[in-house]
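S.K.: Input structure: input.txt, which contains compact mmCIF, C-alpha atoms and all ligand atoms.
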# COMPACT_ATOMS: atom_id res chain seq x y z
CA MET D 129 -92.42 -168.83 -94.09
CA THR D 130 -91.83 -169.54 -97.76
CA ALA D 131 -94.91 -171.73 -98.06
CA ASP D 132 -97.34 -168.86 -98.09
CA ALA D 133 -95.02 -166.09 -99.18
CA THR D 134 -97.44 -165.39 -102.01
CA ALA D 135 -100.62 -165.42 -99.93
CA PRO D 136 -102.04 -161.96 -99.32
CA ARG D 137 -101.24 -160.77 -95.82
CA ALA D 138 -103.24 -159.22 -93.04
CA GLY D 139 -102.84 -155.49 -92.66
CA VAL D 140 -104.20 -152.64 -90.59
CA PHE D 141 -106.19 -149.86 -92.23
CA LEU D 142 -106.21 -146.79 -90.04
CA ASP D 143 -108.33 -143.71 -90.15
CA ARG D 144 -106.29 -140.52 -89.68
CA ASP D 145 -108.21 -137.67 -88.04
CA GLY D 146 -109.49 -138.60 -84.58
CA THR D 147 -107.61 -141.91 -84.69
CA LEU D 148 -103.87 -141.19 -85.23
CA ILE D 149 -104.04 -137.46 -84.63
CA GLU D 150 -106.47 -135.00 -83.06
CA ASP D 151 -109.44 -134.21 -85.25
CA VAL D 152 -109.16 -130.42 -85.42
CA GLY D 153 -111.89 -129.99 -88.00
CA TYR D 154 -110.13 -129.34 -91.31
CA LEU D 155 -106.42 -129.62 -90.65
CA ASP D 156 -105.08 -126.81 -92.85
CA THR D 157 -101.81 -125.83 -91.20
CA LEU D 158 -99.06 -128.00 -89.80
CA ALA D 159 -99.20 -126.01 -86.55
CA ARG D 160 -102.46 -127.85 -85.86
CA LEU D 161 -101.00 -131.32 -86.41
CA LEU D 162 -101.38 -132.91 -82.98
CA VAL D 163 -100.30 -136.53 -82.77
CA PHE D 164 -101.83 -138.48 -79.89
CA PRO D 165 -99.17 -139.33 -77.30
CA TRP D 166 -99.71 -143.10 -77.74
CA THR D 167 -99.76 -143.15 -81.54
CA ALA D 168 -96.06 -143.90 -82.12
CA ASP D 169 -95.99 -146.70 -79.54
CA ALA D 170 -99.12 -148.27 -81.01
CA LEU D 171 -97.75 -148.13 -84.56
CA ARG D 172 -94.38 -149.48 -83.47
CA ALA D 173 -96.10 -152.50 -81.95
CA LEU D 174 -97.90 -153.15 -85.25
CA ASN D 175 -94.67 -152.57 -87.21
CA ARG D 176 -92.82 -155.08 -85.05
CA ALA D 177 -95.54 -157.66 -85.59
CA GLY D 178 -94.93 -157.31 -89.33
CA LEU D 179 -98.37 -155.88 -89.99
CA PRO D 180 -98.47 -153.34 -92.81
CA VAL D 181 -100.07 -150.11 -91.58
CA VAL D 182 -102.06 -148.13 -94.14
CA VAL D 183 -103.81 -144.83 -93.53
CA ILE D 184 -107.14 -144.50 -95.33
CA THR D 185 -108.56 -141.00 -94.95
CA ASN D 186 -111.31 -138.80 -96.38
CA GLN D 187 -109.89 -135.35 -97.06
CA SER D 188 -112.86 -133.51 -98.49
CA GLY D 189 -111.17 -130.24 -97.46
CA ILE D 190 -109.40 -130.56 -100.83
CA ALA D 191 -112.71 -130.58 -102.73
CA ARG D 192 -114.00 -127.78 -100.49
CA GLY D 193 -111.00 -125.63 -101.39
CA TYR D 194 -109.64 -125.45 -97.84
CA PHE D 195 -106.26 -126.96 -98.70
CA SER D 196 -104.41 -128.66 -101.54
CA GLU D 197 -103.33 -132.21 -102.23
CA ALA D 198 -99.75 -130.96 -101.80
CA PHE D 199 -100.64 -129.83 -98.27
CA VAL D 200 -102.02 -133.27 -97.43
CA ASP D 201 -98.79 -134.82 -98.71
CA ASP D 202 -96.81 -132.34 -96.58
CA THR D 203 -98.90 -133.29 -93.56
CA HIS D 204 -98.14 -136.95 -94.09
CA ARG D 205 -94.42 -136.23 -94.44
CA ALA D 206 -94.52 -134.24 -91.19
CA LEU D 207 -96.38 -137.05 -89.46
CA ASP D 208 -93.85 -139.57 -90.82
CA ALA D 209 -90.98 -137.50 -89.40
CA ARG D 210 -92.55 -137.38 -85.94
CA LEU D 211 -93.22 -141.12 -86.01
CA ALA D 212 -89.74 -141.95 -87.31
CA ALA D 213 -88.23 -139.99 -84.41
CA ARG D 214 -89.94 -142.53 -82.18
CA GLY D 215 -89.14 -145.59 -84.26
CA ALA D 216 -92.58 -146.02 -85.82
CA ARG D 217 -93.85 -145.85 -89.38
CA VAL D 218 -96.91 -145.78 -91.60
CA ASP D 219 -96.36 -147.94 -94.67
CA ALA D 220 -98.69 -146.06 -97.02
CA TYR D 221 -101.21 -143.24 -97.13
CA TYR D 222 -104.31 -143.17 -99.29
CA TYR D 223 -106.74 -140.28 -99.25
CA CYS D 224 -109.95 -139.34 -100.99
CA PRO D 225 -109.87 -135.69 -102.13
CA HIS D 226 -113.46 -135.67 -103.40
CA HIS D 227 -116.84 -134.48 -102.22
CA PRO D 228 -120.11 -134.50 -104.16
CA GLU D 229 -120.74 -130.86 -103.21
CA GLY D 230 -117.14 -129.65 -103.37
CA ALA D 231 -116.40 -126.05 -104.40
CA VAL D 232 -113.46 -127.15 -106.56
CA ALA D 233 -114.87 -128.56 -109.81
CA ALA D 234 -111.99 -130.99 -110.37
CA TYR D 235 -112.82 -132.78 -107.12
CA ARG D 236 -116.61 -132.42 -107.13
CA GLN D 237 -117.84 -135.93 -107.70
CA GLN D 238 -119.62 -138.92 -106.31
CA CYS D 239 -116.59 -141.19 -106.09
CA ASP D 240 -116.09 -144.72 -104.87
CA CYS D 241 -113.03 -143.89 -102.79
CA ARG D 242 -114.69 -141.72 -100.14
CA LYS D 243 -115.21 -143.89 -97.04
CA PRO D 244 -117.29 -145.94 -96.50
CA GLY D 245 -116.54 -146.66 -100.16
CA ARG D 246 -113.91 -149.37 -100.48
CA ALA D 247 -111.81 -148.22 -103.44
CA LEU D 248 -108.86 -146.98 -101.37
CA VAL D 249 -108.69 -150.25 -99.44
CA ASP D 250 -108.76 -152.17 -102.70
CA ARG D 251 -106.00 -149.99 -104.15
CA ALA D 252 -103.85 -150.43 -101.03
CA ALA D 253 -104.51 -154.16 -100.90
CA ALA D 254 -103.36 -154.58 -104.50
CA ALA D 255 -100.24 -152.45 -103.98
CA LEU D 256 -99.18 -154.02 -100.67
CA HIS D 257 -100.47 -157.53 -101.34
CA LEU D 258 -102.97 -157.49 -98.48
CA ASP D 259 -106.06 -159.56 -97.86
CA PRO D 260 -108.76 -157.20 -96.55
CA ALA D 261 -110.75 -160.14 -95.17
CA ARG D 262 -107.84 -160.99 -92.85
CA SER D 263 -107.23 -157.35 -91.99
CA PHE D 264 -108.43 -154.77 -89.48
CA VAL D 265 -109.96 -151.31 -89.82
CA VAL D 266 -109.56 -148.82 -86.98
CA GLY D 267 -111.48 -145.55 -86.88
CA ASP D 268 -113.52 -143.14 -84.80
CA LYS D 269 -116.70 -143.11 -86.90
CA TRP D 270 -119.39 -145.56 -87.90
CA GLY D 271 -118.33 -144.91 -91.49
CA ASP D 272 -115.04 -146.63 -90.64
CA VAL D 273 -116.95 -149.62 -89.25
CA GLU D 274 -119.07 -149.63 -92.39
CA LEU D 275 -115.88 -149.72 -94.48
CA ALA D 276 -114.64 -152.70 -92.48
CA ARG D 277 -117.92 -154.51 -93.14
CA ALA D 278 -117.75 -153.69 -96.85
CA VAL D 279 -114.31 -155.30 -97.21
CA GLY D 280 -114.83 -158.14 -94.72
CA ALA D 281 -112.27 -156.83 -92.22
CA ARG D 282 -112.61 -156.70 -88.47
CA ALA D 283 -113.74 -153.31 -87.17
CA ILE D 284 -112.42 -151.45 -84.15
CA LEU D 285 -114.02 -148.19 -83.09
CA VAL D 286 -111.81 -145.95 -80.95
CA ARG D 287 -113.30 -143.48 -78.47
CA THR D 288 -110.92 -140.67 -79.44
CA GLY D 289 -112.07 -138.06 -81.96
CA SER D 290 -115.80 -138.57 -82.56
CA GLY D 291 -115.70 -142.13 -81.22
CA ALA D 292 -117.15 -141.53 -77.76
CA VAL D 293 -120.10 -139.70 -79.29
CA GLU D 294 -120.50 -142.30 -82.02
CA GLU D 295 -120.59 -145.03 -79.36
CA LYS D 296 -123.64 -143.37 -77.81
CA ARG D 297 -125.39 -143.14 -81.17
CA PRO D 298 -125.45 -146.71 -82.48
CA ARG D 299 -126.15 -147.00 -86.16
CA GLY D 300 -128.72 -149.61 -87.09
CA GLY D 301 -127.26 -152.87 -88.29
CA LEU D 302 -123.65 -151.84 -87.61
CA ALA D 303 -121.60 -153.33 -84.82
CA ALA D 304 -117.88 -153.02 -84.22
CA ASP D 305 -115.88 -156.10 -83.25
CA ALA D 306 -114.40 -153.99 -80.47
CA ILE D 307 -114.86 -150.52 -79.02
CA VAL D 308 -111.74 -149.36 -77.19
CA ASP D 309 -110.36 -146.15 -75.68
CA ASN D 310 -107.69 -145.32 -78.25
CA LEU D 311 -105.24 -146.55 -80.85
CA ALA D 312 -102.98 -148.12 -78.22
CA ALA D 313 -105.82 -150.35 -77.05
CA ALA D 314 -106.78 -151.04 -80.66
CA ALA D 315 -103.23 -152.21 -81.44
CA SER D 316 -103.30 -154.54 -78.42
CA TRP D 317 -106.65 -155.93 -79.50
CA ILE D 318 -105.34 -156.56 -83.02
CA LEU D 319 -102.21 -158.33 -81.80
CA MET D 320 -104.34 -160.49 -79.51
CA HIS D 321 -106.75 -161.43 -82.29
CA LEU D 322 -104.30 -161.65 -85.17
CA HIS D 323 -104.23 -165.41 -85.35
CA SER D 324 -107.80 -166.08 -84.31
CA PRO D 325 -110.38 -166.42 -87.05
CA SER D 326 -112.84 -163.60 -87.52
CA ALA D 327 -115.62 -163.76 -84.95
CA PRO D 328 -119.07 -164.53 -86.29
CA ARG D 329 -120.69 -161.30 -87.37
CA ARG D 330 -123.59 -159.94 -85.45
CA THR D 331 -126.12 -159.53 -88.18
CA ARG D 332 -129.29 -157.59 -88.69
CA CYS D 333 -132.40 -159.49 -87.66
MG MG M 401 -111.80 -139.95 -88.18
ZN ZN M 402 -112.91 -140.08 -103.62
Just give me the structure of the file as structure tokens.

M.R.:
Amino acid sequence: MTADATAPRAGVFLDRDGTLIEDVGYLDTLARLLVFPWTADALRALNRAGLPVVVITNQSGIARGYFSEAFVDDTHRALDARLAARGARVDAYYYCPHHPEGAVAAYRQQCDCRKPGRALVDRAAAALHLDPARSFVVGDKWGDVELARAVGARAILVRTGSGAVEEKRPRGGLAADAIVDNLAAAASWILMHLHSPSAPRRTRC
């Protein structure tokens, strides 16, 4: 393994709300943190395969004044504790606190880190030595698929959260590499396709 110890690795970029946990609207109290029953098993499978798991999430509730950055950090610590109890882990969390129409001036901006912007993926890739083009993005919205396309990763849309509705409303020019029921199926798909080259992209014609 020493030969390409310095080559950037594949990783998995995961959306949070609707993908790892129930999308309850704006999660603003830990009482509403509902982890899907298959999430820990799915993450453990990725952990065991040596794939870094990075959460990339838009948290515009911060800009809207619904909750603080500290609350988002608390949420991630609580999620980590529940996953650890089942032998699974997230390697890193990155969130965008901004929104162009946010009520909180400090976070009101057109940023490049709000998905489908790629800045958070780039930041994570630099920190964890990942190659986005060899990586996977999993999410429940077309914006997640768009992010995958922007960074050259493979895109998996899950039907949890908004995914089932998104599936019925195709967005022009955007196709996922796979549409699956949930994160467990997404993890299986990733492990099956890990060593196969990216499929040719369906392109706009
Ligand atoms: Mg989502
Ligand atoms: Zn941002």

S.K.: Within 9 Å of ligand MG 401 (chain M), which residues of chain D show up? Give each one with its shortest atom-to-atom distance in Å (one decimal) and the two atoms involved, counting all atoms listed in the file, rows by chain then rising residue number, as JSON lines.

M.R.:
{"residue": "D:Asp143", "atom": "CA", "partner": "M:MG401", "partner_atom": "MG", "distance": 5.5}
{"residue": "D:Arg144", "atom": "CA", "partner": "M:MG401", "partner_atom": "MG", "distance": 5.7}
{"residue": "D:Asp145", "atom": "CA", "partner": "M:MG401", "partner_atom": "MG", "distance": 4.3}
{"residue": "D:Gly146", "atom": "CA", "partner": "M:MG401", "partner_atom": "MG", "distance": 4.5}
{"residue": "D:Thr147", "atom": "CA", "partner": "M:MG401", "partner_atom": "MG", "distance": 5.8}
{"residue": "D:Leu148", "atom": "CA", "partner": "M:MG401", "partner_atom": "MG", "distance": 8.6}
{"residue": "D:Ile149", "atom": "CA", "partner": "M:MG401", "partner_atom": "MG", "distance": 8.9}
{"residue": "D:Glu150", "atom": "CA", "partner": "M:MG401", "partner_atom": "MG", "distance": 8.9}
{"residue": "D:Asp151", "atom": "CA", "partner": "M:MG401", "partner_atom": "MG", "distance": 6.9}
{"residue": "D:Thr185", "atom": "CA", "partner": "M:MG401", "partner_atom": "MG", "distance": 7.6}
{"residue": "D:Asn186", "atom": "CA", "partner": "M:MG401", "partner_atom": "MG", "distance": 8.3}
{"residue": "D:Gly267", "atom": "CA", "partner": "M:MG401", "partner_atom": "MG", "distance": 5.8}
{"residue": "D:Asp268", "atom": "CA", "partner": "M:MG401", "partner_atom": "MG", "distance": 5.0}
{"residue": "D:Lys269", "atom": "CA", "partner": "M:MG401", "partner_atom": "MG", "distance": 6.0}
{"residue": "D:Gly271", "atom": "CA", "partner": "M:MG401", "partner_atom": "MG", "distance": 8.8}
{"residue": "D:Asp272", "atom": "CA", "partner": "M:MG401", "partner_atom": "MG", "distance": 7.8}
{"residue": "D:Thr288", "atom": "CA", "partner": "M:MG401", "partner_atom": "MG", "distance": 8.8}
{"residue": "D:Gly289", "atom": "CA", "partner": "M:MG401", "partner_atom": "MG", "distance": 6.5}
{"residue": "D:Ser290", "atom": "CA", "partner": "M:MG401", "partner_atom": "MG", "distance": 7.0}
{"residue": "D:Gly291", "atom": "CA", "partner": "M:MG401", "partner_atom": "MG", "distance": 8.3}

S.K.: Report, in Å with one decimal, the straight-line distance from atom CA of His323 of chain D to atom CA of Arg262 of chain D.

M.R.: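 Value for the atom CA of His323 of chain D-atom CA of Arg262 of chain D distance: 9.4 Å.
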
S.K.: Which one is closest to Ala138 of chain D: D:Val273, D:Ala254, D:Ala198, D:Leu179? Count all atoms listed in the file.

M.R.: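 Once distances to Ala138 of chain D are computed over all atoms listed in the file, the minimum belongs to D:Leu179.
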
S.K.: Could you pull out the residues sitting within 6 Å of ligand ZN 402 (chain M), using all atoms listed in the file, and write them as number ranges by chain?

M.R.: D: 224-226, 239-242

S.K.: Would you work out the distance separating atom CA of Asn175 of chain D from atom CA of Glu295 of chain D, expressed in Å to one decimal?

M.R.: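 About the pair atom CA of Asn175 of chain D and atom CA of Glu295 of chain D: they are 28.1 Å apart.
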
S.K.: Nearest to Ala159 of chain D: which of D:Ala314, D:Arg172, D:Gly178, D:Leu207 is it, counting only C-alpha atoms?

M.R.: D:Leu207

S.K.: Atom CA of Ser263 of chain D and atom CA of Ala168 of chain D, how far apart in Å?

M.R.: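 Atom CA of Ala168 of chain D sits 20.1 Å away from atom CA of Ser263 of chain D.
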
S.K.: Nearest to Arg210 of chain D among D:Val308, D:Glu229, D:Val163, D:Pro180, with distances taken over all atoms listed in the file: which residue is it?

M.R.: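 Counting all atoms listed in the file, the residue closest to Arg210 of chain D is D:Val163.
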